[in-house]
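K.L.:
Structure in structure tokens, see below.
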Amino acid sequence: SWHANYTGGYVMTKPVTFDGSELEINFSSSAFGDVTVTVCEENGNELDGYKSIKIFGDSVDRKVKFEKDLKLLENCPVRLKFELRDCDIYSFKFN
């Protein structure tokens with residue numbers, strides 16, 4: 001898993017392409033922790049409209065919501081940036 005303590009941290013994936021219109025994460029945070037997911041261009045620049053709200057809890061299939069539709073980025077190389085605070089990310093998948 002990827003883990004960050006309460007002081008926080010982030011991890012960015014290597015470039016990936018996907019089919020689908022939803023992103024699900026398997027994660028666990030403390031009551032004071034959270035994760036924010038941002039979809040970025042292949043070079044790491046954040047894409048406007050693709051930053052989630054802070055997500056907290058414990059779920060194997062939490063859907064991540066973005067202002068814009070992920071379907072618009074289908075088959076394009078993107079990177080995911082996970083900003084963590086007292087949280088573990090175990091996996092993610094696109095549907």
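Residues are referred to by chain and number: the chain letter is A, B, ... according to the order shown in the structure tokens, the number counts from 1 in that chain, and ligands are numbered separately from 1 in the order shown.
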Please return, as a ChimeraX atom specification, all residues of chain A that DSSP assigns to strand (DSSP E or B) on the basis of the backbone.
P.N.:
/A:2-4,9-12,16,23-41,46-51,55,58-64,78-94
K.L.:
Restricting it to C-alpha atoms, dump the selection as a PDB file, in the first residue's frame.
P.N.:
```pdb
ATOM      1  CA  TRP A   2       0.895   3.650  -0.175  1.00  0.00           C
ATOM      2  CA  HIS A   3       0.815   5.255   3.267  1.00  0.00           C
ATOM      3  CA  ALA A   4       1.216   8.716   4.702  1.00  0.00           C
ATOM      4  CA  GLY A   9       2.378  13.211   1.587  1.00  0.00           C
ATOM      5  CA  TYR A  10       1.563  12.329  -1.970  1.00  0.00           C
ATOM      6  CA  VAL A  11       2.272   9.762  -4.637  1.00  0.00           C
ATOM      7  CA  MET A  12       1.868  10.062  -8.391  1.00  0.00           C
ATOM      8  CA  VAL A  16      -1.685   5.016 -17.527  1.00  0.00           C
ATOM      9  CA  LEU A  23     -12.508   5.588 -10.803  1.00  0.00           C
ATOM     10  CA  GLU A  24     -12.760   3.439  -7.673  1.00  0.00           C
ATOM     11  CA  ILE A  25     -10.239   3.348  -4.838  1.00  0.00           C
ATOM     12  CA  ASN A  26      -9.570   0.829  -2.087  1.00  0.00           C
ATOM     13  CA  PHE A  27      -8.373   2.878   0.885  1.00  0.00           C
ATOM     14  CA  SER A  28      -8.491   3.370   4.629  1.00  0.00           C
ATOM     15  CA  SER A  29      -8.086   6.608   6.566  1.00  0.00           C
ATOM     16  CA  SER A  30      -8.259   7.481  10.218  1.00  0.00           C
ATOM     17  CA  ALA A  31     -11.036   9.742  11.487  1.00  0.00           C
ATOM     18  CA  PHE A  32      -8.654  12.677  10.994  1.00  0.00           C
ATOM     19  CA  GLY A  33      -7.156  11.469   7.716  1.00  0.00           C
ATOM     20  CA  ASP A  34      -8.194  11.772   4.090  1.00  0.00           C
ATOM     21  CA  VAL A  35      -7.195  11.316   0.464  1.00  0.00           C
ATOM     22  CA  THR A  36      -7.631  13.652  -2.487  1.00  0.00           C
ATOM     23  CA  VAL A  37      -7.257  12.337  -6.044  1.00  0.00           C
ATOM     24  CA  THR A  38      -6.202  14.537  -8.958  1.00  0.00           C
ATOM     25  CA  VAL A  39      -5.993  13.463 -12.592  1.00  0.00           C
ATOM     26  CA  CYS A  40      -2.929  14.948 -14.268  1.00  0.00           C
ATOM     27  CA  GLU A  41      -1.504  15.170 -17.739  1.00  0.00           C
ATOM     28  CA  GLU A  46      -3.061  18.944 -13.008  1.00  0.00           C
ATOM     29  CA  LEU A  47      -6.087  18.884 -15.302  1.00  0.00           C
ATOM     30  CA  ASP A  48      -8.771  21.486 -14.564  1.00  0.00           C
ATOM     31  CA  GLY A  49     -11.978  19.892 -13.246  1.00  0.00           C
ATOM     32  CA  TYR A  50     -10.334  16.622 -12.201  1.00  0.00           C
ATOM     33  CA  LYS A  51      -9.575  17.130  -8.504  1.00  0.00           C
ATOM     34  CA  ILE A  55     -12.385  11.543   0.915  1.00  0.00           C
ATOM     35  CA  ASP A  58     -12.602   2.795   4.818  1.00  0.00           C
ATOM     36  CA  SER A  59     -13.813   1.272   1.566  1.00  0.00           C
ATOM     37  CA  VAL A  60     -12.766  -1.306  -1.009  1.00  0.00           C
ATOM     38  CA  ASP A  61     -14.714   0.365  -3.825  1.00  0.00           C
ATOM     39  CA  ARG A  62     -15.280   4.079  -3.160  1.00  0.00           C
ATOM     40  CA  LYS A  63     -16.171   5.937  -6.337  1.00  0.00           C
ATOM     41  CA  VAL A  64     -14.162   9.120  -6.803  1.00  0.00           C
ATOM     42  CA  VAL A  78      -2.842  10.382 -17.598  1.00  0.00           C
ATOM     43  CA  ARG A  79      -1.270  10.201 -14.154  1.00  0.00           C
ATOM     44  CA  LEU A  80      -3.131  10.012 -10.845  1.00  0.00           C
ATOM     45  CA  LYS A  81      -1.925  12.068  -7.913  1.00  0.00           C
ATOM     46  CA  PHE A  82      -3.006  10.815  -4.487  1.00  0.00           C
ATOM     47  CA  GLU A  83      -2.586  13.339  -1.669  1.00  0.00           C
ATOM     48  CA  LEU A  84      -2.744  11.415   1.607  1.00  0.00           C
ATOM     49  CA  ARG A  85      -3.032  12.383   5.237  1.00  0.00           C
ATOM     50  CA  ASP A  86      -3.091   9.549   7.807  1.00  0.00           C
ATOM     51  CA  CYS A  87      -4.312   7.242   5.072  1.00  0.00           C
ATOM     52  CA  ASP A  88      -3.461   4.093   3.101  1.00  0.00           C
ATOM     53  CA  ILE A  89      -4.252   3.480  -0.570  1.00  0.00           C
ATOM     54  CA  TYR A  90      -4.322  -0.210  -1.490  1.00  0.00           C
ATOM     55  CA  SER A  91      -5.523  -0.144  -5.100  1.00  0.00           C
ATOM     56  CA  PHE A  92      -7.467   1.732  -7.730  1.00  0.00           C
ATOM     57  CA  LYS A  93      -9.361   0.739 -10.848  1.00  0.00           C
ATOM     58  CA  PHE A  94     -11.289   2.298 -13.678  1.00  0.00           C
TER      59      PHE A  94
END
```
K.L.:
Which value, in Å to one decimal, gives the distance between CA of Tyr6 in chain A and CA of Glu42 in chain A?
P.N.:
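Distance between the two atoms: 28.4 Å.
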K.L.:
Tell me which of A:Gly57, A:Lys14, A:Gly20, A:Lys65 sits closest to Asn43 in chain A, counting only C-alpha atoms.
P.N.:
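Closest to Asn43 in chain A, using only C-alpha atoms: A:Lys14.
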K.L.:
Taking into account only C-alpha atoms, which residue in the set A:Thr17, A:Gly44, A:Thr7, A:Ser1 is nearest to Leu70 in chain A?
P.N.:
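Among the listed residues, A:Thr17 lies closest to Leu70 in chain A.
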K.L.:
Select from chain A everything DSSP, run on the backbone, classes as helix (DSSP H, G or I), then give the selection as a VMD selection string.
P.N.:
chain A and resid 70 to 73
K.L.:
Measure the distance from CA of Cys76 in chain A to CA of Asn95 in chain A in Å and round it to one decimal.
P.N.:
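Here the two named atoms are 15.1 Å from each other.
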K.L.:
What is the distance between CA of Asn45 in chain A and CA of Lys68 in chain A, in Å to one decimal?
P.N.:
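Pair CA of Asn45 in chain A / CA of Lys68 in chain A returns 16.2 Å.
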